[in-house]
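Participant: Have a peek at protein05.cif (mmCIF, C-alpha atoms and all ligand atoms).
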```
data_coords
#
loop_
_atom_site.group_PDB
_atom_site.id
_atom_site.type_symbol
_atom_site.label_atom_id
_atom_site.label_comp_id
_atom_site.auth_asym_id
_atom_site.auth_seq_id
_atom_site.Cartn_x
_atom_site.Cartn_y
_atom_site.Cartn_z
ATOM 1 C CA MET A 1072 93.199 89.054 113.653
ATOM 2 C CA SER A 1073 94.920 90.004 110.391
ATOM 3 C CA GLU A 1074 97.693 92.566 110.661
ATOM 4 C CA VAL A 1075 96.861 94.155 107.307
ATOM 5 C CA ILE A 1076 95.159 97.525 107.731
ATOM 6 C CA LEU A 1077 93.983 99.425 104.659
ATOM 7 C CA HIS A 1078 93.329 103.161 105.004
ATOM 8 C CA HIS A 1079 90.922 104.020 102.176
ATOM 9 C CA TYR A 1080 87.407 105.184 101.297
ATOM 10 C CA PRO A 1081 84.755 103.325 99.295
ATOM 11 C CA GLN A 1082 84.697 105.639 96.251
ATOM 12 C CA SER A 1083 88.478 105.586 95.758
ATOM 13 C CA PRO A 1084 89.351 103.871 92.468
ATOM 14 C CA VAL A 1085 92.982 103.131 93.339
ATOM 15 C CA SER A 1086 91.726 101.545 96.566
ATOM 16 C CA GLU A 1087 89.439 99.368 94.472
ATOM 17 C CA LYS A 1088 92.558 98.058 92.711
ATOM 18 C CA VAL A 1089 94.022 97.017 96.082
ATOM 19 C CA ARG A 1090 90.688 95.649 97.342
ATOM 20 C CA VAL A 1091 90.533 93.381 94.269
ATOM 21 C CA ALA A 1092 94.132 92.243 94.915
ATOM 22 C CA LEU A 1093 93.095 91.408 98.508
ATOM 23 C CA GLY A 1094 90.154 89.497 97.019
ATOM 24 C CA ILE A 1095 92.379 87.513 94.637
ATOM 25 C CA LYS A 1096 94.493 86.511 97.633
ATOM 26 C CA GLY A 1097 91.412 85.869 99.795
ATOM 27 C CA LEU A 1098 92.938 87.786 102.720
ATOM 28 C CA ASP A 1099 91.495 88.952 106.023
ATOM 29 C CA TRP A 1100 92.166 92.653 106.574
ATOM 30 C CA GLN A 1101 91.148 95.608 108.690
ATOM 31 C CA SER A 1102 89.480 98.584 107.074
ATOM 32 C CA VAL A 1103 89.953 102.179 108.227
ATOM 33 C CA GLN A 1104 87.859 104.742 106.414
ATOM 34 C CA ILE A 1105 89.735 107.997 105.783
ATOM 35 C CA PRO A 1106 88.449 111.404 104.562
ATOM 36 C CA ARG A 1107 88.377 112.124 100.825
ATOM 37 C CA TYR A 1108 90.310 115.395 101.243
ATOM 38 C CA PRO A 1109 93.083 116.741 103.412
ATOM 39 C CA PRO A 1110 93.388 117.379 106.235
ATOM 40 C CA LYS A 1111 93.534 113.701 107.123
ATOM 41 C CA PRO A 1112 94.475 114.049 110.775
ATOM 42 C CA ASP A 1113 94.475 110.321 111.547
ATOM 43 C CA LEU A 1114 96.549 109.429 108.475
ATOM 44 C CA MET A 1115 99.283 112.077 108.698
ATOM 45 C CA PRO A 1116 100.897 110.660 111.880
ATOM 46 C CA LEU A 1117 101.463 107.446 109.910
ATOM 47 C CA THR A 1118 102.590 108.806 106.550
ATOM 48 C CA GLY A 1119 104.308 112.052 107.589
ATOM 49 C CA GLY A 1120 102.465 114.035 104.908
ATOM 50 C CA TYR A 1121 101.663 111.618 102.079
ATOM 51 C CA ARG A 1122 97.979 112.353 101.452
ATOM 52 C CA ARG A 1123 96.943 110.016 98.662
ATOM 53 C CA THR A 1124 94.687 107.002 98.938
ATOM 54 C CA PRO A 1125 95.127 104.115 99.693
ATOM 55 C CA VAL A 1126 97.749 103.523 102.374
ATOM 56 C CA MET A 1127 98.465 100.153 103.984
ATOM 57 C CA GLN A 1128 99.676 99.732 107.546
ATOM 58 C CA ILE A 1129 101.154 96.615 109.106
ATOM 59 C CA GLY A 1130 102.114 97.424 112.688
ATOM 60 C CA ALA A 1131 104.504 100.390 112.485
ATOM 61 C CA ASN A 1132 105.233 99.831 108.773
ATOM 62 C CA VAL A 1133 103.335 102.141 106.450
ATOM 63 C CA TYR A 1134 103.124 101.448 102.713
ATOM 64 C CA CYS A 1135 102.312 104.389 100.452
ATOM 65 C CA ASP A 1136 101.031 103.919 96.886
ATOM 66 C CA SER A 1137 99.211 100.875 95.490
ATOM 67 C CA GLN A 1138 102.413 99.728 93.747
ATOM 68 C CA CYS A 1139 104.233 99.429 97.078
ATOM 69 C CA ILE A 1140 101.144 97.966 98.813
ATOM 70 C CA ILE A 1141 100.694 95.252 96.195
ATOM 71 C CA GLY A 1142 104.408 94.397 96.151
ATOM 72 C CA GLU A 1143 104.339 93.951 99.936
ATOM 73 C CA LEU A 1144 101.141 91.864 99.857
ATOM 74 C CA GLU A 1145 102.782 89.566 97.321
ATOM 75 C CA ARG A 1146 105.923 89.292 99.462
ATOM 76 C CA ARG A 1147 104.058 88.483 102.679
ATOM 77 C CA PHE A 1148 101.294 86.355 101.142
ATOM 78 C CA PRO A 1149 102.813 84.736 98.048
ATOM 79 C CA GLU A 1150 99.963 82.296 97.355
ATOM 80 C CA PRO A 1151 97.892 82.601 95.293
ATOM 81 C CA SER A 1152 100.282 84.769 93.321
ATOM 82 C CA LEU A 1153 99.221 87.974 91.607
ATOM 83 C CA PHE A 1154 101.684 86.955 88.889
ATOM 84 C CA PRO A 1155 100.541 83.536 87.674
ATOM 85 C CA GLY A 1156 102.791 82.026 85.051
ATOM 86 C CA GLY A 1157 105.731 84.258 86.021
ATOM 87 C CA SER A 1158 104.165 87.434 84.656
ATOM 88 C CA ALA A 1159 105.662 89.822 87.244
ATOM 89 C CA GLY A 1160 107.789 92.165 85.153
ATOM 90 C CA LEU A 1161 105.242 92.573 82.409
ATOM 91 C CA ALA A 1162 102.384 93.067 84.880
ATOM 92 C CA TRP A 1163 104.197 95.998 86.518
ATOM 93 C CA GLY A 1164 104.682 97.462 83.064
ATOM 94 C CA VAL A 1165 100.940 97.142 82.464
ATOM 95 C CA SER A 1166 100.421 99.186 85.646
ATOM 96 C CA ARG A 1167 102.281 102.125 84.102
ATOM 97 C CA TRP A 1168 99.734 102.094 81.262
ATOM 98 C CA THR A 1169 96.606 101.675 83.431
ATOM 99 C CA ASP A 1170 97.701 104.131 86.134
ATOM 100 C CA GLY A 1171 99.055 106.557 83.538
ATOM 101 C CA PRO A 1172 97.307 107.201 80.200
ATOM 102 C CA LEU A 1173 94.181 105.149 80.947
ATOM 103 C CA PHE A 1174 93.646 106.671 84.408
ATOM 104 C CA THR A 1175 94.198 110.188 83.045
ATOM 105 C CA ALA A 1176 91.739 109.619 80.179
ATOM 106 C CA VAL A 1177 89.042 108.339 82.582
ATOM 107 C CA VAL A 1178 89.535 111.302 84.933
ATOM 108 C CA ALA A 1179 89.453 113.666 81.923
ATOM 109 C CA ALA A 1180 86.112 112.101 80.900
ATOM 110 C CA ILE A 1181 84.711 112.598 84.431
ATOM 111 C CA PHE A 1182 85.843 116.227 84.561
ATOM 112 C CA GLY A 1183 84.766 116.876 80.977
ATOM 113 C CA GLU A 1184 81.279 115.467 81.509
ATOM 114 C CA GLN A 1185 80.577 116.928 84.946
ATOM 115 C CA GLY A 1186 82.393 120.212 84.265
ATOM 116 C CA HIS A 1187 81.118 123.057 86.421
ATOM 117 C CA ASP A 1188 78.739 120.679 88.255
ATOM 118 C CA LEU A 1189 81.666 119.062 90.075
ATOM 119 C CA PRO A 1190 81.721 120.058 93.755
ATOM 120 C CA GLU A 1191 84.124 122.985 94.056
ATOM 121 C CA GLU A 1192 86.251 121.358 96.754
ATOM 122 C CA PHE A 1193 86.656 118.202 94.650
ATOM 123 C CA ALA A 1194 87.368 120.041 91.397
ATOM 124 C CA SER A 1195 90.061 122.282 92.816
ATOM 125 C CA ASP A 1196 91.809 119.529 94.783
ATOM 126 C CA ARG A 1197 91.710 116.760 92.183
ATOM 127 C CA GLY A 1198 92.071 119.118 89.207
ATOM 128 C CA ARG A 1199 95.480 120.177 90.446
ATOM 129 C CA LEU A 1200 96.417 116.667 91.609
ATOM 130 C CA TYR A 1201 95.718 115.053 88.234
ATOM 131 C CA PHE A 1202 96.166 117.814 85.663
ATOM 132 C CA GLY A 1203 98.739 120.013 87.390
ATOM 133 C CA ARG A 1204 98.825 123.554 88.648
ATOM 134 C CA ASP A 1205 97.601 125.110 85.386
ATOM 135 C CA TYR A 1206 94.569 122.897 84.886
ATOM 136 C CA ASN A 1207 91.546 124.515 83.207
ATOM 137 C CA ILE A 1208 88.076 123.008 83.526
ATOM 138 C CA ASP A 1209 86.838 124.618 80.271
ATOM 139 C CA VAL A 1210 89.588 122.860 78.316
ATOM 140 C CA LEU A 1211 88.490 119.553 79.849
ATOM 141 C CA ILE A 1212 84.819 120.254 79.025
ATOM 142 C CA ARG A 1213 85.691 120.930 75.379
ATOM 143 C CA GLY A 1214 87.918 117.840 75.389
ATOM 144 C CA LEU A 1215 85.189 115.405 76.504
ATOM 145 C CA PRO A 1216 84.676 113.700 73.100
ATOM 146 C CA ASP A 1217 88.401 113.150 72.789
ATOM 147 C CA ALA A 1218 88.680 111.785 76.348
ATOM 148 C CA LEU A 1219 85.865 109.315 75.605
ATOM 149 C CA ALA A 1220 87.559 108.265 72.366
ATOM 150 C CA GLN A 1221 90.817 107.703 74.267
ATOM 151 C CA VAL A 1222 89.111 105.555 76.907
ATOM 152 C CA ARG A 1223 87.107 103.630 74.286
ATOM 153 C CA ALA A 1224 90.195 102.671 72.284
ATOM 154 C CA GLN A 1225 92.147 101.599 75.372
ATOM 155 C CA LEU A 1226 89.275 99.557 76.842
ATOM 156 C CA SER A 1227 88.955 97.714 73.546
ATOM 157 C CA TRP A 1228 92.486 96.347 74.176
ATOM 158 C CA ILE A 1229 91.088 94.545 77.231
ATOM 159 C CA ASP A 1230 88.252 93.122 75.141
ATOM 160 C CA GLN A 1231 90.719 91.991 72.464
ATOM 161 C CA ARG A 1232 92.868 90.275 75.065
ATOM 162 C CA LEU A 1233 89.848 88.125 76.010
ATOM 163 C CA ALA A 1234 89.121 87.091 72.395
ATOM 164 C CA ASP A 1235 90.430 83.537 72.822
ATOM 165 C CA GLY A 1236 87.878 82.850 75.562
ATOM 166 C CA ARG A 1237 90.321 83.109 78.487
ATOM 167 C CA ARG A 1238 88.679 83.773 81.852
ATOM 168 C CA PHE A 1239 91.170 86.342 83.105
ATOM 169 C CA LEU A 1240 93.750 88.542 81.386
ATOM 170 C CA LEU A 1241 96.653 86.164 82.023
ATOM 171 C CA GLY A 1242 94.675 82.942 81.546
ATOM 172 C CA PRO A 1243 92.593 80.744 83.850
ATOM 173 C CA GLN A 1244 93.815 82.395 87.088
ATOM 174 C CA PRO A 1245 93.234 86.030 88.050
ATOM 175 C CA GLY A 1246 96.315 88.218 88.512
ATOM 176 C CA LEU A 1247 97.509 91.787 88.847
ATOM 177 C CA PRO A 1248 96.476 92.873 85.311
ATOM 178 C CA ASP A 1249 92.872 91.996 86.204
ATOM 179 C CA ALA A 1250 92.942 94.274 89.258
ATOM 180 C CA LEU A 1251 94.676 97.011 87.214
ATOM 181 C CA CYS A 1252 92.177 97.007 84.365
ATOM 182 C CA TYR A 1253 89.118 96.293 86.493
ATOM 183 C CA TYR A 1254 89.482 99.308 88.759
ATOM 184 C CA LEU A 1255 89.375 101.650 85.785
ATOM 185 C CA VAL A 1256 86.342 99.961 84.233
ATOM 186 C CA TRP A 1257 84.673 100.224 87.683
ATOM 187 C CA PHE A 1258 85.627 103.918 87.942
ATOM 188 C CA PHE A 1259 84.513 104.727 84.381
ATOM 189 C CA ARG A 1260 81.198 102.852 84.640
ATOM 190 C CA GLY A 1261 80.393 104.369 88.014
ATOM 191 C CA ARG A 1262 81.185 108.006 87.236
ATOM 192 C CA VAL A 1263 80.627 108.710 83.536
ATOM 193 C CA GLY A 1264 77.076 108.854 82.122
ATOM 194 C CA ALA A 1265 78.300 107.872 78.641
ATOM 195 C CA ALA A 1266 80.155 104.811 79.979
ATOM 196 C CA PRO A 1267 77.487 102.070 79.992
ATOM 197 C CA ALA A 1268 76.757 102.549 76.267
ATOM 198 C CA LEU A 1269 80.474 102.458 75.397
ATOM 199 C CA LEU A 1270 81.038 99.366 77.555
ATOM 200 C CA ASP A 1271 78.066 97.589 75.931
ATOM 201 C CA GLU A 1272 80.128 97.522 72.737
ATOM 202 C CA LEU A 1273 82.628 95.235 74.496
ATOM 203 C CA PRO A 1274 80.771 92.042 75.520
ATOM 204 C CA ARG A 1275 83.889 90.030 76.402
ATOM 205 C CA LEU A 1276 85.066 92.842 78.651
ATOM 206 C CA GLU A 1277 81.645 92.970 80.340
ATOM 207 C CA ALA A 1278 81.632 89.212 81.030
ATOM 208 C CA TRP A 1279 85.183 89.445 82.451
ATOM 209 C CA GLU A 1280 84.138 92.477 84.541
ATOM 210 C CA GLN A 1281 81.492 90.295 86.217
ATOM 211 C CA ARG A 1282 84.036 87.559 86.877
ATOM 212 C CA VAL A 1283 86.465 89.987 88.501
ATOM 213 C CA ALA A 1284 83.665 91.565 90.562
ATOM 214 C CA SER A 1285 82.692 88.146 91.858
ATOM 215 C CA LEU A 1286 86.229 87.572 93.224
ATOM 216 C CA GLY A 1287 85.271 90.027 95.979
ATOM 217 C CA HIS A 1288 87.542 91.943 98.342
ATOM 218 C CA GLY A 1289 88.670 89.262 100.799
ATOM 219 C CA ARG A 1290 87.333 89.587 104.346
ATOM 220 C CA PRO A 1291 87.489 93.152 105.717
ATOM 221 C CA VAL A 1292 86.477 94.117 109.245
ATOM 222 C CA ASP A 1293 86.075 97.740 110.274
ATOM 223 C CA LEU A 1294 88.677 99.365 112.491
ATOM 224 C CA ALA A 1295 88.538 102.820 114.093
ATOM 225 C CA ALA A 1296 91.305 105.188 112.953
ATOM 226 C CA ASP A 1297 92.338 105.767 116.550
ATOM 227 C CA GLN A 1298 92.842 102.046 117.090
ATOM 228 C CA ALA A 1299 95.035 101.861 113.985
ATOM 229 C CA LEU A 1300 97.190 104.635 115.457
ATOM 230 C CA ASP A 1301 97.399 102.728 118.758
ATOM 231 C CA ILE A 1302 98.567 99.636 116.845
ATOM 232 C CA ALA A 1303 101.356 101.670 115.228
ATOM 233 C CA ARG A 1304 102.318 103.189 118.606
ATOM 234 C CA ASP A 1305 102.500 99.751 120.219
ATOM 235 C CA SER A 1306 104.622 98.237 117.396
ATOM 236 C CA GLN A 1307 108.175 98.715 116.205
ATOM 237 C CA PRO A 1308 109.004 99.260 112.536
ATOM 238 C CA GLU A 1309 110.596 96.253 110.860
ATOM 239 C CA VAL A 1310 113.125 97.337 108.250
ATOM 240 C CA SER A 1311 116.105 95.440 107.008
ATOM 241 C CA GLU A 1312 118.415 98.450 106.603
ATOM 242 C CA SER A 1313 120.500 98.595 103.436
ATOM 243 C CA ILE A 1314 121.457 100.788 100.505
ATOM 244 C CA ASP A 1315 121.824 99.410 97.003
ATOM 245 C CA ALA A 1316 125.489 100.086 96.233
ATOM 246 C CA ALA A 1317 124.713 100.386 92.519
ATOM 247 C CA ASP A 1318 121.943 102.920 93.029
ATOM 248 C CA PRO A 1319 122.536 105.923 90.747
ATOM 249 C CA LEU A 1320 121.511 108.388 93.504
ATOM 250 C CA ARG A 1321 124.561 107.470 95.637
ATOM 251 C CA ARG A 1322 122.727 108.052 98.909
ATOM 252 C CA THR A 1323 124.016 107.109 102.356
ATOM 253 C CA LEU A 1324 122.219 105.061 104.978
ATOM 254 C CA GLY A 1325 120.860 107.305 107.740
ATOM 255 C CA GLU A 1326 120.918 110.598 105.877
ATOM 256 C CA THR A 1327 117.859 112.830 105.953
ATOM 257 C CA VAL A 1328 115.892 112.706 102.710
ATOM 258 C CA GLY A 1329 112.497 113.648 101.338
ATOM 259 C CA VAL A 1330 110.274 111.518 99.126
ATOM 260 C CA VAL A 1331 107.745 113.119 96.799
ATOM 261 C CA PRO A 1332 105.491 111.872 93.976
ATOM 262 C CA ASP A 1333 106.392 113.045 90.454
ATOM 263 C CA GLY A 1334 104.462 115.877 88.896
ATOM 264 C CA ASP A 1335 103.259 119.286 90.033
ATOM 265 C CA GLY A 1336 100.114 118.101 91.821
ATOM 266 C CA GLY A 1337 101.153 119.868 95.026
ATOM 267 C CA ASP A 1338 101.881 116.661 96.938
ATOM 268 C CA PRO A 1339 103.874 117.287 100.115
ATOM 269 C CA THR A 1340 107.386 115.896 100.535
ATOM 270 C CA VAL A 1341 107.706 113.288 103.284
ATOM 271 C CA ARG A 1342 110.927 113.674 105.255
ATOM 272 C CA GLY A 1343 112.802 111.160 107.355
ATOM 273 C CA ARG A 1344 115.916 109.066 107.835
ATOM 274 C CA LEU A 1345 116.891 106.920 104.883
ATOM 275 C CA ALA A 1346 116.662 103.333 106.141
ATOM 276 C CA ARG A 1347 116.499 101.289 102.957
ATOM 277 C CA LEU A 1348 117.013 101.947 99.272
ATOM 278 C CA THR A 1349 116.544 99.205 96.698
ATOM 279 C CA ARG A 1350 115.862 99.192 92.988
ATOM 280 C CA ASP A 1351 112.114 99.077 93.716
ATOM 281 C CA THR A 1352 111.511 100.771 97.061
ATOM 282 C CA VAL A 1353 112.689 103.537 99.350
ATOM 283 C CA VAL A 1354 112.002 103.349 103.081
ATOM 284 C CA ILE A 1355 112.375 106.211 105.532
ATOM 285 C CA THR A 1356 111.966 106.083 109.279
ATOM 286 C CA ARG A 1357 110.458 108.941 111.235
ATOM 287 C CA HIS A 1358 109.258 109.742 114.710
ATOM 288 C CA ASP A 1359 105.808 111.078 115.423
ATOM 289 C CA GLU A 1360 104.307 112.209 118.729
ATOM 290 C CA ARG A 1361 101.201 110.082 118.365
ATOM 291 C CA VAL A 1362 102.599 106.852 116.898
ATOM 292 C CA GLY A 1363 106.285 106.884 117.869
ATOM 293 C CA ASP A 1364 108.734 105.385 115.352
ATOM 294 C CA VAL A 1365 107.323 104.347 111.977
ATOM 295 C CA ALA A 1366 108.840 103.197 108.698
ATOM 296 C CA VAL A 1367 107.266 104.693 105.584
ATOM 297 C CA HIS A 1368 107.697 102.717 102.359
ATOM 298 C CA PHE A 1369 107.406 104.167 98.829
ATOM 299 C CA PRO A 1370 107.957 102.727 95.366
ATOM 300 C CA ARG A 1371 110.840 104.131 93.320
ATOM 301 C CA VAL A 1372 108.874 104.364 90.077
ATOM 302 C CA GLY A 1373 106.805 107.548 90.127
ATOM 303 C CA TYR A 1374 108.630 109.029 93.146
ATOM 304 C CA ARG A 1375 111.711 111.168 93.639
ATOM 305 C CA VAL A 1376 114.144 110.915 96.542
ATOM 306 C CA VAL A 1377 115.315 114.470 97.261
HETATM 307 N N1 LIG B 1401 100.084 106.429 92.588
HETATM 308 C C1 LIG B 1401 99.125 106.353 93.652
HETATM 309 C C2 LIG B 1401 97.892 107.159 93.241
HETATM 310 C C3 LIG B 1401 96.858 107.238 94.310
HETATM 311 C C4 LIG B 1401 95.797 108.262 94.017
HETATM 312 O O1 LIG B 1401 95.987 109.215 93.238
HETATM 313 N N2 LIG B 1401 94.663 108.084 94.693
HETATM 314 C C5 LIG B 1401 93.579 109.036 94.622
HETATM 315 C C6 LIG B 1401 92.274 108.415 95.081
HETATM 316 S S1 LIG B 1401 91.875 106.972 94.233
HETATM 317 C C7 LIG B 1401 93.841 110.129 95.632
HETATM 318 O O2 LIG B 1401 94.766 110.031 96.390
HETATM 319 N N3 LIG B 1401 93.034 111.153 95.679
HETATM 320 C C8 LIG B 1401 93.224 112.177 96.638
HETATM 321 C C9 LIG B 1401 92.896 111.766 98.028
HETATM 322 O O3 LIG B 1401 92.344 110.682 98.282
HETATM 323 O O4 LIG B 1401 93.147 112.600 98.924
HETATM 324 C C10 LIG B 1401 98.767 104.888 93.933
HETATM 325 O O5 LIG B 1401 98.946 104.041 93.038
HETATM 326 O O6 LIG B 1401 98.362 104.554 95.058
#
```
Starting from the file, lay out its structure as structure tokens.

Facilitator:
Amino acid sequence: MSEVILHHYPQSPVSEKVRVALGIKGLDWQSVQIPRYPPKPDLMPLTGGYRRTPVMQIGANVYCDSQCIIGELERRFPEPSLFPGGSAGLAWGVSRWTDGPLFTAVVAAIFGEQGHDLPEEFASDRGRLYFGRDYNIDVLIRGLPDALAQVRAQLSWIDQRLADGRRFLLGPQPGLPDALCYYLVWFFRGRVGAAPALLDELPRLEAWEQRVASLGHGRPVDLAADQALDIARDSQPEVSESIDAADPLRRTLGETVGVVPDGDGGDPTVRGRLARLTRDTVVITRHDERVGDVAVHFPRVGYRVV
């Protein structure tokens, strides 16, 4: 049985990014379905408060954020690589575009189109998460044409990239940029009424979209949330403890810290003992009544250590 457990829900776009990465690697994994809104009582013992989706668990190691999840998948399962042709640095840079301006424009189009028809619970939770404390649905409704224009221009970059007949964005082999761009096309097509007509303008993108879809999601098997918690309880966290001596934060191994996503989306701070700090990741260990000792991993980019 694979040790990889993904906590996610089917409609989650960022989870779709990770599911495609699992498909590119052809991995077996266990699938725990989590609620779409807090409280997430079977996730909190693992993450210590991080509420976003997806989260990956391997024993008593918990990986928050798709950036951290994908980095760990690549480390544990290097072949086939998500970075064919040595594209790693650039591909991470691409993720700051897709998960930043492109993601925001797609969410703005969804909010702008569905406006006051969005379920109240969804609108208030995700409105704040993605547009901040002062978000205003009427501004997003008026902004719909602009949001669509923003998405249309950015999606055309994907189409242009495919102009030389390449199968995937890096060449003949699929890689991280395919997962990054695909999940937003999937999200846009599935949620925005105006999307199919805009995507029809981009035939190379549509043919590539089919190719990425046919890569699949690897081989998931369902797992009950309670069983995932038992697995964490019965495992020990594996962390190679160290602090990067050149890290500008000048933190000390073992001190108590909090980790929180950037922005004013109202995300809780996760607190614990600093166990590892590298250029790319921060790991804290914490104790929980239900699962015992766990190590919670976060990326550095997009997160603050406080
Ligand atoms: N930077 C995070 C973003 C994750 C994110 O915002 N996920 C959305 C769902 S796709 C979310 O958490 N929504 C609120 C929720 O699921 O409670 C990542 O890359 O994993």

Participant: Could you check the closest approach to Val1165 of chain A for each of A:Asp1318, A:Pro1248, A:Gly1373, A:Pro1109 and tell me which residue wins, using all atoms listed in the file?

Facilitator: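 Smallest distance to Val1165 of chain A is found for A:Pro1248.
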
Participant: Could you please extract the residues within 9 Å of ligand LIG 1401 (chain B), counting all atoms listed in the file, and hand them back as a PDB file with C-alpha atoms, keeping the file's coordinate frame?

Facilitator:
```pdb
ATOM      1  CA  HIS A1079      90.922 104.020 102.176  1.00  0.00           C
ATOM      2  CA  TYR A1080      87.407 105.184 101.297  1.00  0.00           C
ATOM      3  CA  GLN A1082      84.697 105.639  96.251  1.00  0.00           C
ATOM      4  CA  SER A1083      88.478 105.586  95.758  1.00  0.00           C
ATOM      5  CA  PRO A1084      89.351 103.871  92.468  1.00  0.00           C
ATOM      6  CA  VAL A1085      92.982 103.131  93.339  1.00  0.00           C
ATOM      7  CA  SER A1086      91.726 101.545  96.566  1.00  0.00           C
ATOM      8  CA  GLU A1087      89.439  99.368  94.472  1.00  0.00           C
ATOM      9  CA  LYS A1088      92.558  98.058  92.711  1.00  0.00           C
ATOM     10  CA  VAL A1089      94.022  97.017  96.082  1.00  0.00           C
ATOM     11  CA  ILE A1105      89.735 107.997 105.783  1.00  0.00           C
ATOM     12  CA  PRO A1106      88.449 111.404 104.562  1.00  0.00           C
ATOM     13  CA  ARG A1107      88.377 112.124 100.825  1.00  0.00           C
ATOM     14  CA  TYR A1108      90.310 115.395 101.243  1.00  0.00           C
ATOM     15  CA  PRO A1109      93.083 116.741 103.412  1.00  0.00           C
ATOM     16  CA  PRO A1110      93.388 117.379 106.235  1.00  0.00           C
ATOM     17  CA  LYS A1111      93.534 113.701 107.123  1.00  0.00           C
ATOM     18  CA  ARG A1122      97.979 112.353 101.452  1.00  0.00           C
ATOM     19  CA  ARG A1123      96.943 110.016  98.662  1.00  0.00           C
ATOM     20  CA  THR A1124      94.687 107.002  98.938  1.00  0.00           C
ATOM     21  CA  PRO A1125      95.127 104.115  99.693  1.00  0.00           C
ATOM     22  CA  VAL A1126      97.749 103.523 102.374  1.00  0.00           C
ATOM     23  CA  CYS A1135     102.312 104.389 100.452  1.00  0.00           C
ATOM     24  CA  ASP A1136     101.031 103.919  96.886  1.00  0.00           C
ATOM     25  CA  SER A1137      99.211 100.875  95.490  1.00  0.00           C
ATOM     26  CA  GLN A1138     102.413  99.728  93.747  1.00  0.00           C
ATOM     27  CA  CYS A1139     104.233  99.429  97.078  1.00  0.00           C
ATOM     28  CA  ILE A1140     101.144  97.966  98.813  1.00  0.00           C
ATOM     29  CA  SER A1166     100.421  99.186  85.646  1.00  0.00           C
ATOM     30  CA  ASP A1170      97.701 104.131  86.134  1.00  0.00           C
ATOM     31  CA  ASP A1196      91.809 119.529  94.783  1.00  0.00           C
ATOM     32  CA  ARG A1197      91.710 116.760  92.183  1.00  0.00           C
ATOM     33  CA  LEU A1200      96.417 116.667  91.609  1.00  0.00           C
ATOM     34  CA  TYR A1201      95.718 115.053  88.234  1.00  0.00           C
ATOM     35  CA  PRO A1332     105.491 111.872  93.976  1.00  0.00           C
ATOM     36  CA  GLY A1373     106.805 107.548  90.127  1.00  0.00           C
ATOM     37  CA  TYR A1374     108.630 109.029  93.146  1.00  0.00           C
TER      38      TYR A1374
END
```

Participant: Counting only C-alpha atoms, give me one row per residue of segment 1105-1159 of chain A with an atom at most 8 Å from an atom of segment 1336-1342 of chain A, showing the shortest contact pair and its distance in Å to one decimal, sorted by chain then residue number, as JSON lines.

Facilitator:
```
{"residue": "A:Thr1118", "atom": "CA", "partner": "A:Val1341", "partner_atom": "CA", "distance": 7.5}
{"residue": "A:Gly1119", "atom": "CA", "partner": "A:Val1341", "partner_atom": "CA", "distance": 5.6}
{"residue": "A:Gly1120", "atom": "CA", "partner": "A:Val1341", "partner_atom": "CA", "distance": 5.5}
{"residue": "A:Tyr1121", "atom": "CA", "partner": "A:Val1341", "partner_atom": "CA", "distance": 6.4}
{"residue": "A:Arg1122", "atom": "CA", "partner": "A:Asp1338", "partner_atom": "CA", "distance": 7.4}
```

Participant: For the structure provided, state which residues fall under the PyMOL selection byres (((chain A and resi 1305) around 12) and not hetatm), and present them as a PyMOL selection string.

Facilitator: chain A and resi 1129-1132+1298-1304+1306-1308+1361-1365

Participant: Env of Met1127 of chain A: 6 Å cut, atoms = all atoms listed in the file, seq-sep filter 3 positions within chain, self excluded. Answer as a list in words.

Facilitator: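 The filter keeps Ile1076, Leu1077, Val1133 and Tyr1134 of chain A.
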
Participant: Return the single residue from A:Asp1351, A:Asp1271, A:Asp1333, A:Arg1321 that is closest to Gly1160 of chain A, with distances computed using all atoms listed in the file.

Facilitator: A:Asp1351

Participant: Here is a test: counting all atoms listed in the file, which residue of A:Gly1198, A:Pro1216, A:Gly1334, A:Pro1155 is nearest to Ala1265 of chain A?

Facilitator: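 Closest residue, counting all atoms listed in the file: A:Pro1216.
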
Participant: How close does each residue of segment 1138-1190 of chain A get to segment 1228-1238 of chain A, giving the shortest atom pair and distance in Å to one decimal for every residue with an atom at most 12 Å away, counting only C-alpha atoms, sorted by chain and residue number, as a tab-separated table?

Facilitator:
```
residue	atom	partner	partner_atom	distance
A:Val1165	CA	A:Ile1229	CA	11.5
A:Trp1168	CA	A:Trp1228	CA	11.7
A:Thr1169	CA	A:Ile1229	CA	10.9
A:Leu1173	CA	A:Trp1228	CA	11.2
```

Participant: Tell me which residues the PyMOL selection byres (((chain A and resi 1346) around 8) and not hetatm) grabs here, as a VMD selection string.

Facilitator: chain A and resid 1310 to 1314 1324 to 1325 1344 to 1345 1347 to 1348 1353 to 1356

Participant: How would you write, as a ChimeraX atom specification, the residues chosen by the PyMOL selection byres (((chain A and resi 1257) around 10) and not hetatm) on this structure?

Facilitator: /A:1084,1087-1088,1252-1256,1258-1262,1280,1284

Participant: In Å, rounded to a single decimal, give me how far atom CA of Asp1209 of chain A is from atom CA of Val1178 of chain A.

Facilitator: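 Separation between atom CA of Val1178 of chain A and atom CA of Asp1209 of chain A: 14.4 Å.
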
Participant: May I ask for the distance between atom CA of Leu1320 of chain A and atom CA of Val1367 of chain A, given in Å to one decimal place?

Facilitator: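 Pair atom CA of Leu1320 of chain A / atom CA of Val1367 of chain A returns 19.0 Å.
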
Participant: Let me make sure I understand: among A:Arg1322, A:Arg1204, A:Arg1146, A:His1078, which one has the smallest atom-to-atom distance to Asp1335 of chain A if we use only C-alpha atoms?

Facilitator: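 Of A:Arg1322, A:Arg1204, A:Arg1146, A:His1078, the one nearest Asp1335 of chain A is A:Arg1204, counting only C-alpha atoms.
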
Participant: Which residues are near Arg1090 of chain A? Cut-off 8 Å, only C-alpha atoms, ignore same chain within fewer than 4 positions. Put them as a list in words.

Facilitator: Ser1086, Gly1094, Gly1287, His1288 and Gly1289 of chain A
